[in-house]
Structure formats: structure tokens, C-alpha cells
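Just model_23.cif here, mmCIF, C-alpha atoms and all ligand atoms:
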```cif
data_upload
loop_
_atom_site.group_PDB
_atom_site.id
_atom_site.type_symbol
_atom_site.label_atom_id
_atom_site.label_comp_id
_atom_site.auth_asym_id
_atom_site.auth_seq_id
_atom_site.Cartn_x
_atom_site.Cartn_y
_atom_site.Cartn_z
ATOM 1 C CA MET A 14 5.101 -5.533 -22.746
ATOM 2 C CA ARG A 15 2.617 -3.422 -20.830
ATOM 3 C CA LYS A 16 -0.741 -4.665 -19.625
ATOM 4 C CA ASN A 17 -4.118 -3.226 -20.524
ATOM 5 C CA ILE A 18 -6.120 -2.321 -17.436
ATOM 6 C CA VAL A 19 -9.614 -1.061 -16.770
ATOM 7 C CA ALA A 20 -9.997 0.283 -13.240
ATOM 8 C CA GLY A 21 -13.215 1.483 -11.641
ATOM 9 C CA ASN A 22 -12.943 4.449 -9.294
ATOM 10 C CA TRP A 23 -16.136 4.341 -7.254
ATOM 11 C CA LYS A 24 -15.276 7.632 -5.482
ATOM 12 C CA MET A 25 -17.641 8.399 -2.553
ATOM 13 C CA ASN A 26 -20.461 6.248 -3.898
ATOM 14 C CA THR A 27 -22.288 3.136 -2.646
ATOM 15 C CA THR A 28 -22.976 1.930 0.885
ATOM 16 C CA VAL A 29 -21.167 -1.218 2.004
ATOM 17 C CA PRO A 30 -24.026 -3.564 0.956
ATOM 18 C CA GLU A 31 -24.315 -1.767 -2.405
ATOM 19 C CA GLY A 32 -20.566 -2.024 -2.875
ATOM 20 C CA ILE A 33 -20.573 -5.753 -2.141
ATOM 21 C CA ALA A 34 -23.374 -6.237 -4.676
ATOM 22 C CA LEU A 35 -21.497 -4.216 -7.316
ATOM 23 C CA ALA A 36 -18.243 -6.116 -6.681
ATOM 24 C CA LYS A 37 -20.063 -9.447 -6.948
ATOM 25 C CA ALA A 38 -21.698 -8.368 -10.208
ATOM 26 C CA VAL A 39 -18.302 -7.351 -11.635
ATOM 27 C CA ALA A 40 -16.686 -10.597 -10.431
ATOM 28 C CA ALA A 41 -19.502 -12.642 -11.974
ATOM 29 C CA LYS A 42 -18.919 -11.070 -15.401
ATOM 30 C CA ALA A 43 -15.137 -10.932 -15.217
ATOM 31 C CA ALA A 44 -14.781 -14.223 -17.095
ATOM 32 C CA GLU A 45 -16.192 -12.505 -20.223
ATOM 33 C CA VAL A 46 -13.111 -10.270 -20.299
ATOM 34 C CA PRO A 47 -9.937 -11.672 -21.926
ATOM 35 C CA ALA A 48 -7.250 -12.531 -19.386
ATOM 36 C CA GLU A 49 -4.836 -9.969 -20.898
ATOM 37 C CA VAL A 50 -7.090 -7.151 -19.674
ATOM 38 C CA GLY A 51 -6.671 -6.464 -15.966
ATOM 39 C CA LEU A 52 -9.788 -5.461 -14.056
ATOM 40 C CA VAL A 53 -9.511 -3.431 -10.856
ATOM 41 C CA VAL A 54 -12.126 -1.859 -8.598
ATOM 42 C CA ALA A 55 -11.446 0.986 -6.156
ATOM 43 C CA PRO A 56 -14.213 1.218 -3.556
ATOM 44 C CA PRO A 57 -14.152 3.542 -0.527
ATOM 45 C CA PHE A 58 -11.918 2.527 2.427
ATOM 46 C CA THR A 59 -14.913 1.330 4.455
ATOM 47 C CA HIS A 60 -15.717 -1.308 1.825
ATOM 48 C CA LEU A 61 -12.280 -2.806 1.248
ATOM 49 C CA CYS A 62 -12.461 -5.861 3.543
ATOM 50 C CA ALA A 63 -15.955 -6.805 2.420
ATOM 51 C CA VAL A 64 -15.179 -6.209 -1.264
ATOM 52 C CA ALA A 65 -11.966 -8.260 -0.955
ATOM 53 C CA GLU A 66 -14.154 -11.112 0.283
ATOM 54 C CA ALA A 67 -16.689 -10.592 -2.531
ATOM 55 C CA LEU A 68 -13.899 -10.716 -5.146
ATOM 56 C CA LYS A 69 -12.281 -13.906 -3.776
ATOM 57 C CA GLY A 70 -11.618 -16.418 -6.536
ATOM 58 C CA SER A 71 -12.110 -13.797 -9.279
ATOM 59 C CA PRO A 72 -9.339 -12.118 -11.291
ATOM 60 C CA VAL A 73 -10.541 -8.635 -10.263
ATOM 61 C CA GLY A 74 -7.924 -6.585 -8.418
ATOM 62 C CA LEU A 75 -8.675 -4.348 -5.448
ATOM 63 C CA SER A 76 -7.521 -0.757 -5.074
ATOM 64 C CA ALA A 77 -7.866 2.008 -2.518
ATOM 65 C CA GLN A 78 -8.513 5.578 -3.644
ATOM 66 C CA ASN A 79 -5.834 7.174 -1.459
ATOM 67 C CA CYS A 80 -3.449 6.446 1.425
ATOM 68 C CA ALA A 81 -1.810 8.361 4.247
ATOM 69 C CA ASP A 82 1.572 10.052 3.865
ATOM 70 C CA LYS A 83 2.608 8.671 7.287
ATOM 71 C CA THR A 84 3.156 5.088 8.395
ATOM 72 C CA LYS A 85 1.213 5.048 11.695
ATOM 73 C CA GLY A 86 0.334 6.962 14.805
ATOM 74 C CA ALA A 87 -1.643 10.040 15.805
ATOM 75 C CA TYR A 88 -3.115 11.012 12.427
ATOM 76 C CA THR A 89 -6.848 10.956 13.048
ATOM 77 C CA GLY A 90 -8.914 9.976 10.055
ATOM 78 C CA GLU A 91 -6.004 8.699 7.961
ATOM 79 C CA VAL A 92 -5.514 5.198 6.538
ATOM 80 C CA SER A 93 -2.006 3.750 6.271
ATOM 81 C CA VAL A 94 -0.545 1.577 3.543
ATOM 82 C CA ASP A 95 -0.152 -1.336 5.995
ATOM 83 C CA MET A 96 -3.846 -1.080 6.803
ATOM 84 C CA LEU A 97 -4.636 -1.209 3.090
ATOM 85 C CA VAL A 98 -2.444 -4.241 2.527
ATOM 86 C CA SER A 99 -4.110 -5.983 5.467
ATOM 87 C CA THR A 100 -7.526 -5.651 3.768
ATOM 88 C CA GLY A 101 -6.269 -7.550 0.714
ATOM 89 C CA CYS A 102 -5.768 -4.438 -1.377
ATOM 90 C CA GLN A 103 -3.114 -4.614 -4.141
ATOM 91 C CA TYR A 104 -3.315 -1.085 -5.559
ATOM 92 C CA THR A 105 -3.936 2.481 -4.534
ATOM 93 C CA ILE A 106 -4.962 5.426 -6.667
ATOM 94 C CA LEU A 107 -2.906 8.520 -5.766
ATOM 95 C CA GLY A 108 -3.142 12.155 -6.802
ATOM 96 C CA HIS A 109 -6.656 12.075 -8.211
ATOM 97 C CA SER A 110 -7.597 15.610 -9.276
ATOM 98 C CA GLU A 111 -10.419 15.641 -6.720
ATOM 99 C CA ARG A 112 -7.822 15.041 -3.992
ATOM 100 C CA ARG A 113 -5.530 17.689 -5.466
ATOM 101 C CA GLN A 114 -8.392 20.189 -5.858
ATOM 102 C CA TYR A 115 -10.450 19.679 -2.670
ATOM 103 C CA TYR A 116 -7.970 18.223 -0.188
ATOM 104 C CA GLY A 117 -4.768 20.085 -0.930
ATOM 105 C CA GLU A 118 -2.824 17.099 -2.247
ATOM 106 C CA THR A 119 0.542 18.379 -3.485
ATOM 107 C CA ASP A 120 3.183 16.692 -5.610
ATOM 108 C CA GLU A 121 5.439 16.662 -2.505
ATOM 109 C CA LYS A 122 2.825 14.714 -0.536
ATOM 110 C CA LEU A 123 2.381 12.381 -3.481
ATOM 111 C CA VAL A 124 6.078 11.542 -3.445
ATOM 112 C CA GLU A 125 5.752 10.495 0.212
ATOM 113 C CA LYS A 126 2.583 8.508 -0.418
ATOM 114 C CA THR A 127 4.057 6.786 -3.470
ATOM 115 C CA LYS A 128 7.202 5.845 -1.496
ATOM 116 C CA LEU A 129 5.149 4.300 1.295
ATOM 117 C CA ALA A 130 2.747 2.525 -1.053
ATOM 118 C CA LEU A 131 5.527 0.960 -3.140
ATOM 119 C CA ALA A 132 7.491 -0.038 -0.037
ATOM 120 C CA ALA A 133 4.372 -1.796 1.281
ATOM 121 C CA GLY A 134 4.052 -3.743 -1.970
ATOM 122 C CA LEU A 135 1.101 -1.815 -3.401
ATOM 123 C CA LYS A 136 0.901 -0.835 -7.042
ATOM 124 C CA VAL A 137 0.266 2.878 -7.520
ATOM 125 C CA ILE A 138 -2.160 4.385 -10.031
ATOM 126 C CA LEU A 139 -0.842 7.949 -10.202
ATOM 127 C CA CYS A 140 -3.263 10.489 -11.686
ATOM 128 C CA VAL A 141 -2.152 13.540 -13.636
ATOM 129 C CA GLY A 142 -4.116 15.994 -15.740
ATOM 130 C CA GLU A 143 -4.709 19.656 -16.526
ATOM 131 C CA ASN A 144 -7.766 21.734 -15.708
ATOM 132 C CA LEU A 145 -9.844 23.671 -18.231
ATOM 133 C CA GLU A 146 -8.051 26.970 -17.667
ATOM 134 C CA GLU A 147 -4.669 25.320 -18.217
ATOM 135 C CA ARG A 148 -5.875 23.627 -21.402
ATOM 136 C CA GLU A 149 -7.369 26.844 -22.762
ATOM 137 C CA ALA A 150 -4.081 28.623 -22.048
ATOM 138 C CA GLY A 151 -2.263 25.905 -24.043
ATOM 139 C CA LYS A 152 -0.389 24.724 -20.940
ATOM 140 C CA HIS A 153 -1.681 21.137 -20.879
ATOM 141 C CA PHE A 154 1.564 19.490 -21.973
ATOM 142 C CA ASP A 155 3.604 21.513 -19.467
ATOM 143 C CA VAL A 156 1.224 20.785 -16.578
ATOM 144 C CA VAL A 157 1.104 17.049 -17.205
ATOM 145 C CA LYS A 158 4.868 16.874 -17.774
ATOM 146 C CA ALA A 159 5.530 18.720 -14.491
ATOM 147 C CA GLN A 160 3.098 16.584 -12.481
ATOM 148 C CA THR A 161 4.637 13.404 -13.886
ATOM 149 C CA GLU A 162 8.237 14.514 -13.306
ATOM 150 C CA ASN A 163 7.614 16.037 -9.867
ATOM 151 C CA VAL A 164 6.432 12.704 -8.519
ATOM 152 C CA LEU A 165 7.919 9.926 -10.622
ATOM 153 C CA TYR A 166 11.412 11.348 -11.125
ATOM 154 C CA ASN A 167 11.976 10.552 -7.426
ATOM 155 C CA PHE A 168 11.756 6.839 -8.204
ATOM 156 C CA THR A 169 13.822 4.194 -9.959
ATOM 157 C CA ALA A 170 13.264 2.160 -13.108
ATOM 158 C CA GLU A 171 12.599 -0.853 -10.837
ATOM 159 C CA ASP A 172 9.918 1.086 -8.944
ATOM 160 C CA MET A 173 8.204 1.863 -12.240
ATOM 161 C CA ALA A 174 7.250 -1.815 -12.627
ATOM 162 C CA ASN A 175 4.622 -1.088 -9.956
ATOM 163 C CA VAL A 176 3.432 2.290 -11.223
ATOM 164 C CA ILE A 177 0.514 2.923 -13.551
ATOM 165 C CA VAL A 178 -0.141 6.456 -14.777
ATOM 166 C CA ALA A 179 -3.666 7.756 -15.370
ATOM 167 C CA TYR A 180 -4.159 10.831 -17.538
ATOM 168 C CA GLU A 181 -7.356 12.506 -16.445
ATOM 169 C CA PRO A 182 -8.078 15.933 -17.897
ATOM 170 C CA VAL A 183 -10.012 17.650 -15.093
ATOM 171 C CA TRP A 184 -12.448 19.229 -17.569
ATOM 172 C CA ALA A 185 -13.517 15.761 -18.725
ATOM 173 C CA ILE A 186 -14.120 14.205 -15.284
ATOM 174 C CA GLY A 187 -17.778 13.655 -14.529
ATOM 175 C CA THR A 188 -18.734 16.277 -17.102
ATOM 176 C CA GLY A 189 -19.804 14.000 -19.940
ATOM 177 C CA LYS A 190 -17.162 15.831 -21.995
ATOM 178 C CA THR A 191 -14.551 13.280 -23.095
ATOM 179 C CA ALA A 192 -11.190 14.219 -24.524
ATOM 180 C CA THR A 193 -11.107 13.217 -28.169
ATOM 181 C CA ALA A 194 -8.996 10.185 -28.931
ATOM 182 C CA GLU A 195 -6.431 12.530 -30.540
ATOM 183 C CA GLN A 196 -6.318 14.878 -27.535
ATOM 184 C CA ALA A 197 -5.839 11.940 -25.173
ATOM 185 C CA GLU A 198 -3.296 10.183 -27.392
ATOM 186 C CA GLU A 199 -1.019 13.208 -27.727
ATOM 187 C CA ILE A 200 -0.825 13.588 -23.950
ATOM 188 C CA HIS A 201 -0.303 9.852 -23.409
ATOM 189 C CA ALA A 202 2.539 9.910 -25.937
ATOM 190 C CA CYS A 203 3.992 12.921 -24.109
ATOM 191 C CA ILE A 204 3.831 11.108 -20.738
ATOM 192 C CA ARG A 205 5.599 8.111 -22.280
ATOM 193 C CA LYS A 206 8.331 10.429 -23.596
ATOM 194 C CA VAL A 207 8.730 11.982 -20.151
ATOM 195 C CA LEU A 208 9.136 8.484 -18.678
ATOM 196 C CA ALA A 209 11.583 7.449 -21.417
ATOM 197 C CA ALA A 210 13.753 10.508 -20.738
ATOM 198 C CA LYS A 211 14.352 9.397 -17.149
ATOM 199 C CA PHE A 212 13.947 5.618 -17.147
ATOM 200 C CA GLY A 213 14.726 4.616 -20.738
ATOM 201 C CA GLN A 214 12.482 3.502 -23.585
ATOM 202 C CA THR A 215 11.931 -0.052 -22.299
ATOM 203 C CA VAL A 216 10.505 1.121 -18.977
ATOM 204 C CA ALA A 217 8.395 3.741 -20.778
ATOM 205 C CA ASP A 218 7.080 1.106 -23.184
ATOM 206 C CA ASP A 219 6.277 -1.230 -20.299
ATOM 207 C CA THR A 220 4.307 1.366 -18.301
ATOM 208 C CA THR A 221 0.526 1.198 -18.491
ATOM 209 C CA ILE A 222 -1.010 4.635 -19.094
ATOM 210 C CA LEU A 223 -4.777 4.870 -18.534
ATOM 211 C CA TYR A 224 -7.203 7.498 -19.766
ATOM 212 C CA GLY A 225 -9.899 8.821 -17.411
ATOM 213 C CA GLY A 226 -12.666 11.351 -17.834
ATOM 214 C CA SER A 227 -16.182 10.429 -18.977
ATOM 215 C CA CYS A 228 -14.930 7.173 -20.491
ATOM 216 C CA LYS A 229 -17.946 4.987 -21.237
ATOM 217 C CA PRO A 230 -18.998 2.044 -23.421
ATOM 218 C CA SER A 231 -19.757 4.359 -26.355
ATOM 219 C CA ASN A 232 -16.303 5.968 -26.538
ATOM 220 C CA ALA A 233 -13.953 3.403 -24.982
ATOM 221 C CA LYS A 234 -13.204 1.596 -28.261
ATOM 222 C CA GLU A 235 -11.940 4.692 -30.030
ATOM 223 C CA LEU A 236 -9.842 5.742 -27.035
ATOM 224 C CA PHE A 237 -8.343 2.280 -26.444
ATOM 225 C CA ALA A 238 -7.471 1.959 -30.145
ATOM 226 C CA GLN A 239 -4.841 4.686 -29.703
ATOM 227 C CA PRO A 240 -1.284 3.336 -29.512
ATOM 228 C CA ASP A 241 -0.438 4.929 -26.151
ATOM 229 C CA ILE A 242 -3.786 4.440 -24.379
ATOM 230 C CA ASP A 243 -3.648 1.220 -22.385
ATOM 231 C CA GLY A 244 -7.059 1.283 -20.749
ATOM 232 C CA GLY A 245 -9.159 3.481 -18.533
ATOM 233 C CA LEU A 246 -9.749 4.802 -15.048
ATOM 234 C CA ILE A 247 -13.523 4.850 -14.968
ATOM 235 C CA GLY A 248 -15.679 6.890 -12.591
ATOM 236 C CA GLY A 249 -19.413 7.131 -13.248
ATOM 237 C CA ALA A 250 -19.593 4.209 -15.673
ATOM 238 C CA ALA A 251 -17.876 1.912 -13.139
ATOM 239 C CA LEU A 252 -20.943 2.069 -10.898
ATOM 240 C CA LYS A 253 -22.827 -0.188 -13.299
ATOM 241 C CA ALA A 254 -21.260 -3.641 -13.686
ATOM 242 C CA ASP A 255 -22.567 -4.032 -17.253
ATOM 243 C CA ASP A 256 -21.078 -0.726 -18.422
ATOM 244 C CA PHE A 257 -17.789 -1.408 -16.656
ATOM 245 C CA ILE A 258 -17.452 -4.822 -18.285
ATOM 246 C CA GLN A 259 -18.524 -3.392 -21.644
ATOM 247 C CA ILE A 260 -15.670 -0.885 -21.396
ATOM 248 C CA ALA A 261 -13.236 -3.712 -20.586
ATOM 249 C CA LEU A 262 -14.406 -5.476 -23.756
ATOM 250 C CA SER A 263 -13.507 -2.437 -25.870
ATOM 251 C CA PHE A 264 -9.879 -3.333 -26.721
HETATM 252 P P1 LIG B 301 -15.635 9.898 -14.709
HETATM 253 O O1 LIG B 301 -14.459 9.926 -13.621
HETATM 254 O O2 LIG B 301 -15.469 8.636 -15.500
HETATM 255 O O3 LIG B 301 -16.904 9.912 -13.911
HETATM 256 O O4 LIG B 301 -15.475 11.127 -15.551
HETATM 257 C C1 LIG B 301 -13.184 9.449 -13.918
HETATM 258 C C2 LIG B 301 -12.287 9.637 -12.717
HETATM 259 O O5 LIG B 301 -12.341 10.693 -12.094
HETATM 260 O O6 LIG B 301 -11.495 8.734 -12.362
#
```
What's the C-alpha cells form of this structure?
Ligand code: PGA
Amino acid sequence: MRKNIVAGNWKMNTTVPEGIALAKAVAAKAAEVPAEVGLVVAPPFTHLCAVAEALKGSPVGLSAQNCADKTKGAYTGEVSVDMLVSTGCQYTILGHSERRQYYGETDEKLVEKTKLALAAGLKVILCVGENLEEREAGKHFDVVKAQTENVLYNFTAEDMANVIVAYEPVWAIGTGKTATAEQAEEIHACIRKVLAAKFGQTVADDTTILYGGSCKPSNAKELFAQPDIDGGLIGGAALKADDFIQIALSF
């Protein structure tokens, strides 16, 4: 059966020393969280080696926030999956709405990145989610379905063992405006149906689907109580170890 996961997406926050301190604070409190709940932190690329060291001996997993769509070579400023693996990273977030919106990340690119990440042995946290205009136009199911299919339908049932999906409505990210538990649940259930249609019900049932978007200690319990919400991808609230751990205690 699928695992509950709480992952912290630090985005472009913290210096290296601040990141080490945050990782150590999370690692120190990780024992409070039941072993069935996976904890993951996703610091910036520059922090990965140092954070890997800070997390040593703790159950906290390490994720990148992105990876290159090429394996190596003349791609200035890019970071390859092999580089990530060599830092001690086990996961990468892909397709975050901020990457889609500000850096032109397309579903086609995400297929390439997902292929490379899985081949390198990384687990992928693939983000999907509609923006406000799409929700107001009633297109949220269609948008999320298309994003999920466009990327994941290029993979096999076996690949799905290493894929986590994160539903992040763009209008809820960093806005303080959380999707209601019902709004989130109906999309999570839809994503699971989309996965079942291609990979079968067992794979769909075994896939962890996270909610992201202003998830915090005060609303995590209600969200995580939904049958298809298996945890959270946490932005702002992941920058405080106490809040992050509090969220992980909300199952
Ligand atoms: P937020 O970000 O929790 O700050 O809304 C979530 C995310 O973008 O992953």
C-alpha cells in the first residue's frame, strides 16, 4: 500500500549555513514522526552535499527541486541527474508550477527529465495543478488530467513505483489560500482514476499523491484525512522545522 510522505520544498530560500541548520533541526525532530510517514527535504542545488551530510543517520530523505533534460556536456548552468545522485540525493521534484510558469518547463521536457531521473535511480515528485483562470473556467479536472497523462503515460507500471504525484493548485501556492479538503480530494481522486486507466487499479492505489499549496499545521489534518490525500508538498511552512514536523504529525 502507498506511503504517506511530507516533503519540504525550500524553493530559493536559505543560504548554505541556514540550510544546514534547518536540515539539522528537521533531522533532530524526525524521531517524533511515526516511521510510516516519510520525510523529505528539497533544498536548493547548492546545499545538497552539505544537507546530505547534515541528514546522515536520520530517516529524512533528500530531494532536488529540478534536474536537467540532458545527461552531460555543454549546458551551462544545468545540473544533471548523475550529479544529483552523487550528492546523496534520492528524489527530485519535477514540473513545479513555478518552473512551468517562469522557466518555460513543458510537458515534453518533463518526459525527458522524468526518463533521466528514473534511469538514474531517483524517485520523481511530479507536480501538476491548474491556475486560477483555469479553475474559474471550470477546466481544473481537464488541466490536471492532461498534465498527468502527457507526462506519466510515457512510462510503465514498473516506473510508477518510483513516481509520486503532487497536486498543487497554482492559486493556492504561497497565497495563504488553501484548497478546501473537498476541492483537493476530488482532484486527487481524479488523478488516481487517470493512473488506474493506464496502469491498473493496484498501481493507482500504490501511488502516493501529495497536496501542495499553503498547507500548514492548522489545515494539514483535515487535508490528510481525505482518502486520496497521502501527504503534502510544503513550501513556506517547511522553512520552520517545528511547523514542518507538526504537519508530518497530522495524519
Ligand atoms: P506553499 O508552496 O506551501 O508555500 O504554498 C507549496 C509549493 O509550491 O510546493
(request) Please evaluate the PyMOL selection byres (((not hetatm)) within 9 of (chain B and resi 301)) against the displayed coordinates and give the resulting residues as JSON, numbers by chain. (result) {"A": [20, 21, 22, 23, 24, 109, 110, 111, 140, 179, 181, 182, 183, 184, 185, 186, 187, 188, 189, 190, 191, 224, 225, 226, 227, 228, 229, 245, 246, 247, 248, 249, 250, 251]}
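Picked by the PyMOL selection byres (((chain A and resi 47) around 12) and not hetatm) from the coordinates shown: Lys16, Asn17, Ile18, Val19, Lys42, Ala43, Ala44, Glu45, Val46, Ala48, Glu49, Val50, Gly51, Leu52, Pro72, Ile258, Gln259, Ala261, Leu262, Ser263 and Phe264 of chain A.
For the residues A:Thr221, A:Thr169, A:Gln196, A:Thr215, ranking by smallest atom-to-atom distance to Phe154 (chain A) using only C-alpha atoms places A:Gln196 first.
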(message) Report, in Å with one decimal, the straight-line distance from CA of Val141 (chain A) to CA of Ala40 (chain A).
(response)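 If I compute the distance from CA of Val141 (chain A) to CA of Ala40 (chain A), I get 28.4 Å.
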(message) Quick check on the file I pasted: which residues fall under the PyMOL selection byres (((chain A and resi 216) around 12) and not hetatm)? Write them as a ChimeraX atom specification.
(response) /A:14-15,169-177,205-215,217-221
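Proximity to Lys152 (chain A) was assessed for A:Ala38, A:Ile200, A:Val124, A:Val54 counting only C-alpha atoms; the smallest distance is recorded for A:Ile200.
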(message) So that I can check the surroundings of Lys122 (chain A), please list as number ranges by chain every protein, DNA and RNA residue that reaches within 10 Å of it, counting only C-alpha atoms and ignoring chain neighbours fewer than 4 positions away.
(response) A: 81-83, 107-108, 117-118, 126-128, 164
Could you add whatever atoms are missing so that region 122-132 of chain A carries all heavy atoms, then write the result as a compact mmCIF listing (two decimals), in the coordinates of the input?
```txt
# COMPACT_ATOMS: atom_id res chain seq x y z
N LYS A 122 3.54 15.74 -1.32
CA LYS A 122 2.82 14.71 -0.54
C LYS A 122 2.73 13.42 -1.34
O LYS A 122 2.82 12.32 -0.78
CB LYS A 122 1.42 15.20 -0.21
CG LYS A 122 1.34 15.85 1.14
CD LYS A 122 -0.02 15.70 1.76
CE LYS A 122 0.11 16.16 3.20
NZ LYS A 122 -0.83 17.19 3.56
N LEU A 123 2.54 13.57 -2.64
CA LEU A 123 2.38 12.38 -3.48
C LEU A 123 3.67 11.58 -3.56
O LEU A 123 3.64 10.35 -3.70
CB LEU A 123 1.90 12.78 -4.87
CG LEU A 123 0.44 13.27 -4.88
CD1 LEU A 123 0.07 13.87 -6.22
CD2 LEU A 123 -0.50 12.12 -4.53
N VAL A 124 4.80 12.26 -3.47
CA VAL A 124 6.08 11.54 -3.44
C VAL A 124 6.13 10.67 -2.19
O VAL A 124 6.46 9.48 -2.25
CB VAL A 124 7.28 12.53 -3.47
CG1 VAL A 124 8.59 11.78 -3.27
CG2 VAL A 124 7.30 13.32 -4.77
N GLU A 125 5.75 11.25 -1.05
CA GLU A 125 5.75 10.50 0.21
C GLU A 125 4.80 9.31 0.14
O GLU A 125 5.13 8.19 0.52
CB GLU A 125 5.35 11.40 1.39
CG GLU A 125 6.40 12.44 1.75
CD GLU A 125 7.80 11.86 1.81
OE1 GLU A 125 8.00 10.88 2.55
OE2 GLU A 125 8.70 12.36 1.09
N LYS A 126 3.60 9.57 -0.35
CA LYS A 126 2.58 8.51 -0.42
C LYS A 126 3.03 7.40 -1.37
O LYS A 126 2.86 6.21 -1.07
CB LYS A 126 1.25 9.09 -0.88
CG LYS A 126 0.61 10.01 0.15
CD LYS A 126 -0.76 10.50 -0.31
CE LYS A 126 -1.40 11.34 0.80
NZ LYS A 126 -2.84 11.53 0.60
N THR A 127 3.60 7.79 -2.50
CA THR A 127 4.06 6.79 -3.47
C THR A 127 5.17 5.94 -2.87
O THR A 127 5.19 4.72 -3.02
CB THR A 127 4.51 7.48 -4.77
OG1 THR A 127 3.44 8.26 -5.28
CG2 THR A 127 4.94 6.47 -5.83
N LYS A 128 6.10 6.58 -2.15
CA LYS A 128 7.20 5.84 -1.50
C LYS A 128 6.64 4.79 -0.55
O LYS A 128 7.05 3.63 -0.58
CB LYS A 128 8.06 6.81 -0.67
CG LYS A 128 9.20 7.43 -1.44
CD LYS A 128 10.06 8.29 -0.52
CE LYS A 128 10.94 9.17 -1.40
NZ LYS A 128 11.43 10.36 -0.71
N LEU A 129 5.71 5.22 0.30
CA LEU A 129 5.15 4.30 1.30
C LEU A 129 4.37 3.18 0.63
O LEU A 129 4.47 2.01 1.02
CB LEU A 129 4.24 5.07 2.28
CG LEU A 129 4.97 6.07 3.17
CD1 LEU A 129 3.96 6.87 3.99
CD2 LEU A 129 5.95 5.35 4.09
N ALA A 130 3.58 3.53 -0.38
CA ALA A 130 2.75 2.52 -1.05
C ALA A 130 3.63 1.47 -1.73
O ALA A 130 3.40 0.26 -1.57
CB ALA A 130 1.82 3.19 -2.07
N LEU A 131 4.65 1.92 -2.44
CA LEU A 131 5.53 0.96 -3.14
C LEU A 131 6.28 0.09 -2.14
O LEU A 131 6.42 -1.12 -2.33
CB LEU A 131 6.50 1.70 -4.06
CG LEU A 131 5.87 2.41 -5.27
CD1 LEU A 131 6.95 3.17 -6.05
CD2 LEU A 131 5.13 1.45 -6.20
N ALA A 132 6.75 0.72 -1.06
CA ALA A 132 7.49 -0.04 -0.04
C ALA A 132 6.60 -1.10 0.61
O ALA A 132 7.08 -2.15 1.02
CB ALA A 132 8.05 0.91 1.03
```
